[in-house]
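With compact mmCIF, C-alpha atoms inside, this is upload.txt:
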```txt
# COMPACT_ATOMS: atom_id res chain seq x y z
CA PRO A 1 119.24 82.37 105.40
CA VAL A 2 118.89 78.59 104.98
CA VAL A 3 115.93 78.58 102.60
CA ALA A 4 116.84 81.51 100.35
CA PRO A 5 119.67 79.79 98.38
CA TRP A 6 117.43 76.78 97.75
CA VAL A 7 114.66 79.03 96.40
CA GLU A 8 117.14 80.83 94.16
CA ARG A 9 118.34 77.51 92.73
CA SER A 10 115.12 75.56 92.55
CA GLY A 11 112.12 77.86 92.68
CA PHE A 12 109.42 78.19 95.32
CA PRO A 13 107.67 75.08 96.59
CA LEU A 14 104.26 74.63 94.99
CA ILE A 15 101.53 72.37 96.32
CA ALA A 16 98.31 71.43 94.55
CA VAL A 17 95.66 70.36 97.04
CA GLN A 18 92.43 68.42 96.66
CA ARG A 19 89.97 67.24 99.28
CA ILE A 20 89.11 63.53 99.28
CA ASP A 21 86.29 62.12 101.42
CA SER A 22 85.96 58.44 102.29
CA ALA A 23 84.50 56.23 104.98
CA GLY A 24 87.60 56.96 107.03
CA GLY A 25 87.00 60.72 106.97
CA ALA A 26 88.23 63.72 105.03
CA GLN A 27 91.78 63.88 103.72
CA LEU A 28 93.80 66.50 101.90
CA LEU A 29 95.69 65.15 98.89
CA VAL A 30 98.85 67.21 98.44
CA GLU A 31 101.07 67.06 95.36
CA GLN A 32 104.27 69.09 95.39
CA GLU A 33 106.70 70.37 92.80
CA ARG A 34 108.99 73.34 92.41
CA PHE A 35 107.23 76.48 91.22
CA PHE A 36 108.59 78.43 88.29
CA ALA A 37 106.77 81.37 86.76
CA SER A 38 107.67 80.25 83.26
CA PRO A 39 105.63 77.28 81.97
CA SER A 40 108.63 76.26 79.82
CA VAL A 41 110.71 75.18 82.84
CA GLY A 42 110.23 71.46 83.37
CA GLY A 43 111.94 68.17 83.93
CA ALA A 44 114.12 67.55 86.96
CA LYS A 45 113.86 71.14 88.19
CA ARG A 46 110.12 70.85 88.73
CA ALA A 47 110.27 67.30 90.05
CA GLU A 48 112.59 68.02 92.98
CA VAL A 49 110.93 67.12 96.31
CA ARG A 50 111.72 68.84 99.59
CA PRO A 51 110.22 68.72 103.09
CA ILE A 52 107.47 71.36 103.35
CA PRO A 53 105.88 72.26 106.70
CA LEU A 54 102.20 73.08 106.12
CA VAL A 55 99.78 74.97 108.34
CA ILE A 56 96.21 74.20 107.25
CA ARG A 57 93.04 76.00 108.32
CA VAL A 58 90.06 73.66 108.68
CA ARG A 59 86.60 75.22 108.86
CA PRO A 60 83.95 73.10 110.65
CA PRO A 61 80.19 73.58 110.12
CA ARG A 62 80.00 75.29 113.50
CA GLY A 63 82.44 76.68 116.03
CA ARG A 64 86.00 77.84 115.70
CA ASP A 65 88.40 76.89 112.93
CA ARG A 66 90.99 74.20 113.60
CA ILE A 67 94.65 74.31 112.62
CA VAL A 68 96.28 71.17 111.28
CA ARG A 69 100.06 71.03 110.93
CA ALA A 70 101.85 68.49 108.75
CA LEU A 71 105.22 67.91 107.12
CA VAL A 72 104.94 67.04 103.43
CA ASP A 73 108.12 65.31 102.25
CA GLU A 74 106.91 63.18 99.34
CA LYS A 75 105.69 63.92 95.83
CA ARG A 76 102.13 62.90 96.86
CA SER A 77 100.93 62.93 100.43
CA THR A 78 97.61 62.66 102.23
CA ILE A 79 96.83 64.56 105.41
CA PRO A 80 93.92 63.41 107.62
CA LEU A 81 91.48 66.21 108.45
CA GLY A 82 88.99 64.37 110.67
CA PRO A 83 85.39 63.31 110.06
CA ALA A 84 84.12 64.57 106.70
CA SER A 85 80.98 65.98 108.33
CA GLN A 86 83.21 68.28 110.42
CA VAL A 87 85.11 69.78 107.48
CA ARG A 88 83.33 72.58 105.64
CA TRP A 89 86.43 73.73 103.80
CA VAL A 90 90.20 73.93 104.12
CA TYR A 91 92.79 76.58 103.33
CA ALA A 92 96.21 75.01 102.89
CA ASN A 93 98.32 78.05 103.87
CA ALA A 94 96.81 79.33 107.12
CA GLY A 95 98.20 82.73 108.08
CA GLU A 96 100.37 82.54 104.95
CA ALA A 97 102.78 80.83 107.34
CA SER A 98 104.08 78.14 104.98
CA PHE A 99 106.83 79.08 102.56
CA VAL A 100 104.81 77.78 99.63
CA ARG A 101 102.44 78.59 96.80
CA ALA A 102 99.23 76.70 97.50
CA LEU A 103 96.89 75.94 94.61
CA HIS A 104 93.40 74.75 95.58
CA ASP A 105 91.19 72.80 93.21
CA GLY A 106 87.88 74.18 91.95
CA GLU A 107 85.77 72.41 94.58
CA ILE A 108 87.75 73.90 97.47
CA LEU A 109 87.79 77.33 95.83
CA ARG A 110 84.02 77.33 95.51
CA ALA A 111 83.63 76.39 99.18
CA LEU A 112 86.09 79.12 100.20
CA GLY A 113 84.26 81.63 98.02
CA GLU A 114 81.10 81.19 100.05
CA GLU A 115 82.82 82.30 103.26
CA LEU A 116 85.72 84.48 102.21
CA THR A 117 85.51 86.75 105.23
CA ARG A 118 86.35 83.74 107.44
CA LEU A 119 89.85 84.04 105.98
CA ALA A 120 92.14 86.75 107.28
CA PRO A 121 92.93 89.60 104.84
CA ALA A 122 96.45 88.24 104.32
CA GLU A 123 94.96 84.84 103.50
CA ARG A 124 92.52 86.35 101.01
CA MET A 125 95.41 88.16 99.34
CA GLY A 126 97.40 84.93 99.31
CA LEU A 127 94.49 82.97 97.89
CA LEU A 128 94.16 85.37 94.95
CA GLY A 129 97.90 85.71 94.44
CA HIS A 130 98.80 82.03 94.58
CA GLN A 131 95.98 80.99 92.25
CA TRP A 132 96.91 83.71 89.78
CA ALA A 133 100.57 82.68 89.86
CA GLY A 134 99.37 79.15 89.08
CA VAL A 135 97.40 80.45 86.11
CA ARG A 136 100.38 82.38 84.74
CA ALA A 137 102.60 79.32 85.14
CA ASP A 138 100.03 77.03 83.44
CA ARG A 139 99.51 75.12 86.67
CA ALA A 140 95.92 76.21 87.46
CA PRO A 141 92.83 76.85 85.30
CA LEU A 142 92.01 80.46 84.50
CA VAL A 143 88.30 79.69 84.79
CA ASP A 144 88.72 78.80 88.49
CA TRP A 145 90.50 82.09 89.19
CA LEU A 146 87.84 84.07 87.33
CA ASP A 147 85.09 82.36 89.30
CA LEU A 148 86.99 83.10 92.53
CA VAL A 149 87.53 86.80 91.84
CA THR A 150 83.81 87.32 91.23
CA ARG A 151 83.27 86.47 94.92
CA PHE A 152 85.22 89.58 95.99
CA GLY A 153 82.62 92.20 95.07
CA ASP A 154 81.96 93.02 98.75
CA GLU A 155 85.60 92.78 99.81
CA PRO A 156 86.11 95.29 102.66
CA GLU A 157 89.93 95.53 102.59
CA PRO A 158 91.53 97.81 99.98
CA ASP A 159 94.74 95.79 99.93
CA VAL A 160 92.79 92.68 98.93
CA LEU A 161 91.03 94.63 96.18
CA ALA A 162 94.47 95.72 94.99
CA ALA A 163 95.48 92.04 94.85
CA ALA A 164 92.49 91.44 92.56
CA HIS A 165 93.15 94.58 90.49
CA GLY A 166 96.62 93.52 89.32
CA PRO A 167 95.61 90.27 87.60
CA LEU A 168 92.41 91.82 86.25
CA ALA A 169 94.44 94.68 84.76
CA TRP A 170 96.77 92.14 83.14
CA LEU A 171 93.80 90.35 81.58
CA VAL A 172 92.31 93.61 80.31
CA ASP A 173 95.66 94.67 78.84
CA GLN A 174 96.87 91.34 77.48
CA ALA A 175 93.87 89.08 76.89
CA LEU A 176 90.94 91.32 75.98
CA PRO A 177 92.58 92.74 72.82
CA ALA A 178 92.63 89.18 71.44
CA LEU A 179 88.89 88.75 71.96
CA ALA A 180 86.06 89.80 69.68
CA ASP A 181 84.52 93.10 70.79
CA GLU A 182 81.38 91.30 71.91
CA HIS A 183 83.27 89.07 74.32
CA ALA A 184 85.50 91.86 75.60
CA SER A 185 82.37 93.89 76.35
CA ARG A 186 80.83 90.94 78.20
CA PHE A 187 83.97 90.64 80.33
CA ARG A 188 83.90 94.33 81.25
CA ALA A 189 80.17 94.14 81.99
CA ARG A 190 80.78 91.20 84.30
CA LEU A 191 83.39 93.18 86.23
CA GLY A 192 80.91 96.01 86.55
CA ALA A 193 78.19 93.71 87.82
CA VAL A 194 80.54 92.30 90.48
CA PHE A 195 82.07 95.49 91.84
CA ALA A 196 79.55 98.26 91.12
CA PRO A 197 77.05 97.45 93.91
CA ALA A 198 79.66 98.00 96.64
CA PHE A 199 80.72 101.29 95.06
CA THR A 200 77.13 102.43 94.75
CA ARG A 201 76.69 101.90 98.48
CA LEU A 202 79.86 103.86 99.23
CA GLY A 203 79.22 106.70 96.79
CA TRP A 204 81.77 109.21 95.54
CA SER A 205 81.89 111.44 98.61
CA ALA A 206 83.49 110.48 101.90
CA ALA A 207 81.35 110.91 104.99
CA SER A 208 82.57 112.99 107.90
CA GLY A 209 84.92 110.93 110.04
CA GLU A 210 85.13 108.15 107.49
CA SER A 211 88.05 105.77 108.03
CA ASP A 212 91.11 105.71 105.81
CA SER A 213 90.30 102.10 104.93
CA LEU A 214 86.90 103.09 103.50
CA ARG A 215 88.47 105.92 101.51
CA GLN A 216 91.07 103.59 100.07
CA ARG A 217 88.40 100.99 99.33
CA ARG A 218 86.41 103.59 97.37
CA ALA A 219 89.52 104.47 95.37
CA ALA A 220 90.26 100.81 94.63
CA LEU A 221 86.72 100.30 93.35
CA VAL A 222 86.95 103.40 91.14
CA ALA A 223 90.16 102.01 89.66
CA ILE A 224 88.50 98.68 88.85
CA LEU A 225 85.23 100.12 87.57
CA GLY A 226 86.73 103.01 85.63
CA ALA A 227 89.95 101.70 84.11
CA LEU A 228 89.05 98.02 83.77
CA ALA A 229 85.26 97.69 83.52
CA GLU A 230 84.95 101.07 81.75
CA ASP A 231 81.70 101.69 83.62
CA ALA A 232 79.95 104.56 81.82
CA ASP A 233 78.72 106.29 84.99
CA VAL A 234 82.11 106.11 86.69
CA LEU A 235 83.88 107.43 83.58
CA ALA A 236 81.40 110.28 83.19
CA THR A 237 81.75 111.32 86.83
CA ALA A 238 85.55 111.11 86.65
CA GLU A 239 85.52 113.31 83.56
CA ALA A 240 83.30 115.83 85.33
CA ARG A 241 85.60 115.90 88.37
CA ILE A 242 88.97 116.13 86.64
CA GLY A 243 88.57 119.78 85.57
CA PRO A 244 87.89 121.10 89.08
CA TYR A 245 90.73 118.94 90.43
CA LEU A 246 93.25 120.35 87.95
CA ALA A 247 92.18 123.83 88.95
CA ASP A 248 92.23 123.12 92.69
CA ARG A 249 93.88 120.03 94.18
CA ARG A 250 91.49 120.23 97.14
CA ALA A 251 88.53 119.45 94.88
CA LEU A 252 89.11 115.67 95.15
CA GLU A 253 89.59 113.47 98.19
CA PRO A 254 93.34 112.58 97.93
CA ASN A 255 92.80 108.82 97.61
CA LEU A 256 90.59 109.39 94.55
CA ALA A 257 93.06 111.61 92.70
CA GLY A 258 95.07 108.82 91.10
CA PRO A 259 92.14 106.67 89.96
CA VAL A 260 90.20 109.69 88.64
CA VAL A 261 93.18 111.01 86.67
```
What does the file become when written as structure tokens?
Amino acid sequence: PVVAPWVERSGFPLIAVQRIDSAGGAQLLVEQERFFASPSVGGAKRAEVRPIPLVIRVRPPRGRDRIVRALVDEKRSTIPLGPASQVRWVYANAGEASFVRALHDGEILRALGEELTRLAPAERMGLLGHQWAGVRADRAPLVDWLDLVTRFGDEPEPDVLAAAHGPLAWLVDQALPALADEHASRFRARLGAVFAPAFTRLGWSAASGESDSLRQRRAALVAILGALAEDADVLATAEARIGPYLADRRALEPNLAGPVV
């Protein structure tokens, strides 16, 4: 009730974070502004500074993650993280607990990409969503987001795959038509190379007693590979299965019906 009017007036808080190592240890450089989805909004609206409580996940080389809490109330702030040798990577919105969009620089994203499953599913969804919002608002490089999403080929959670599907679908719908056919085909082939191996391991048919999560994961992969990557094998199998499904709704596992159609 206190924060909502501020957000309505001034936009969400946005922080851009960068790790800096020195003889004194590792620090997180945090720069804040107001977040607006439209790149055309600027000036005083973006420059407004507010106190932002941050909850930061710090991953050491060994052992359990640490949580660092800090209040950021300046345009640029530095947060000590401890000895540099004890910081493998950081995630600046642990548990998605901070009311903020957190944009990580390319170096942090690459480190996170090597150990994505160390983040909770909600954090992986947030990581994808915040970086994509930064891309749309012209506050983060598209190339960093594309590199990040290619690390999600083995993602086990269907909701996280759905978080990847939305931006990828936007790119296929809005960006690919502007590319030469050769480059659009390369993009689709890259999607196939990233997500097809996990689908191949799952296969089209659900095993007896298979969990709902696995069934939903299979459906999410079909949606990415069929509609976005236009994988020839997936499209051919979908075409072969649609006739029996239209004749008998029991012919397809329910989670696959939407993607196949």
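Of the listed residues A:Leu29, A:Ala180, A:Leu81, A:Ala196, the one whose atoms come nearest to Leu221 of chain A is A:Ala196, with distances taken using all atoms listed in the file.
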At a cut-off of 10 Å from (95.6, 93.2, 96.8) in the coordinates of the file, what residues are picked up using all atoms listed in the file, written as an mmCIF file with C-alpha atoms, in the coordinates of the input?
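To be explicit, this is the file written out as out05.cif:
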```
data_model
loop_
_atom_site.group_PDB
_atom_site.id
_atom_site.type_symbol
_atom_site.label_atom_id
_atom_site.label_comp_id
_atom_site.auth_asym_id
_atom_site.auth_seq_id
_atom_site.Cartn_x
_atom_site.Cartn_y
_atom_site.Cartn_z
ATOM 1 C CA PRO A 121 92.930 89.600 104.840
ATOM 2 C CA ALA A 122 96.450 88.240 104.320
ATOM 3 C CA ARG A 124 92.520 86.350 101.010
ATOM 4 C CA MET A 125 95.410 88.160 99.340
ATOM 5 C CA GLY A 126 97.400 84.930 99.310
ATOM 6 C CA LEU A 128 94.160 85.370 94.950
ATOM 7 C CA GLY A 129 97.900 85.710 94.440
ATOM 8 C CA GLU A 157 89.930 95.530 102.590
ATOM 9 C CA PRO A 158 91.530 97.810 99.980
ATOM 10 C CA ASP A 159 94.740 95.790 99.930
ATOM 11 C CA VAL A 160 92.790 92.680 98.930
ATOM 12 C CA LEU A 161 91.030 94.630 96.180
ATOM 13 C CA ALA A 162 94.470 95.720 94.990
ATOM 14 C CA ALA A 163 95.480 92.040 94.850
ATOM 15 C CA ALA A 164 92.490 91.440 92.560
ATOM 16 C CA HIS A 165 93.150 94.580 90.490
ATOM 17 C CA GLY A 166 96.620 93.520 89.320
ATOM 18 C CA PRO A 167 95.610 90.270 87.600
ATOM 19 C CA ALA A 220 90.260 100.810 94.630
#
```
Might you pull out every residue within 12 Å of Arg217 of chain A, with only C-alpha atoms counted and same-chain residues fewer than 5 positions away left off, and present them as a list in words?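 Counting only the stated atoms, we get Gly153, Asp154, Glu155, Pro156, Glu157, Pro158, Asp159, Val160, Leu161, Ala162, His165, Phe195, Ala198, Phe199, Arg201, Leu202, Gly203, Trp204, Ala206, Glu210, Ser211, Asp212, Val222, Ala223, Ile224, Asn255, Leu256 and Pro259 of chain A.
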With only C-alpha atoms as the counted atoms, please give the residues lying no more than 12 Å from Ala236 of chain A, apart from itself and same-chain residues fewer than 6 positions off, as a list in words.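 Those residues are Val222, Leu225, Gly226, Glu230, Ile242 and Val260 of chain A.
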Would you kindly identify which residues have an atom no farther than 12 Å from (108.5, 74.2, 87.9), using only C-alpha atoms and the file's own coordinates, and write them out as a PyMOL selection string? chain A and resi 7+9-15+32-49+101+133-134+136-139
If we count all atoms listed in the file and set the cut-off at 12 Å, which residues sit around Pro254 of chain A, ignoring sequence neighbours fewer than 4 positions away in its own chain? Please answer as a PyMOL selection string. chain A and resi 205-206+212+215-216+218-219+245+248-250+258-261
Nearest to Asn93 of chain A among A:Leu109, A:Pro61, A:Leu54, A:Glu74, with distances taken over only C-alpha atoms: which residue is it?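 Among the listed residues, A:Leu54 lies closest to Asn93 of chain A.
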What separation in Å, quoted to one decimal, exists between atom CA of Asp181 of chain A and atom CA of Ala193 of chain A?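 Answer for the atom CA of Asp181 of chain A to atom CA of Ala193 of chain A separation: 18.2 Å.
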Go through A:Leu191, A:Ala97, A:Ala238, A:Ala102 one by one, measure the shortest atom-to-atom distance of each to Val172 of chain A using all atoms listed in the file, and give the residue with the smallest value.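 Of A:Leu191, A:Ala97, A:Ala238, A:Ala102, the one nearest Val172 of chain A, counting all atoms listed in the file, is A:Leu191.
Of the listed residues (A:Phe152, A:Trp145, A:Trp170, A:Trp89), A:Phe152 comes nearest to Pro197 of chain A; the distances count all atoms listed in the file.
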Choose the residue, out of A:Arg110, A:Arg190, A:Arg88, A:Arg69, that has the smallest atom-to-atom separation from Ala26 of chain A; count all atoms listed in the file.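 Of the candidates, the smallest distance to Ala26 of chain A is held by A:Arg88.
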Would you mind reading off the distance between atom CA of Trp132 of chain A and atom CA of Ala257 of chain A, one decimal, in Å?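 So the two atoms, atom CA of Trp132 of chain A and atom CA of Ala257 of chain A, lie 28.3 Å apart.
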Quick one, how far is atom CA of Leu228 of chain A from atom CA of Ala189 of chain A?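 That distance, rounded to one decimal, is 9.9 Å.
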Out of A:Pro244, A:Gln27, A:Ile79, A:Gln86, which residue has the shortest atom-to-atom distance to Gly63 of chain A when counting only C-alpha atoms?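 Result for the nearest residue to Gly63 of chain A: A:Gln86.
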Using 5 Å of padding on each side, determine the axis-aligned box around all atoms of segment 46-62 of chain A present in the file and give its centre and edge lengths in Å to one decimal, as AutoDock Vina command-line options.
```
--center_x 96.3 --center_y 71.6 --center_z 101.1 --size_x 42.6 --size_y 18.9 --size_z 34.8
```
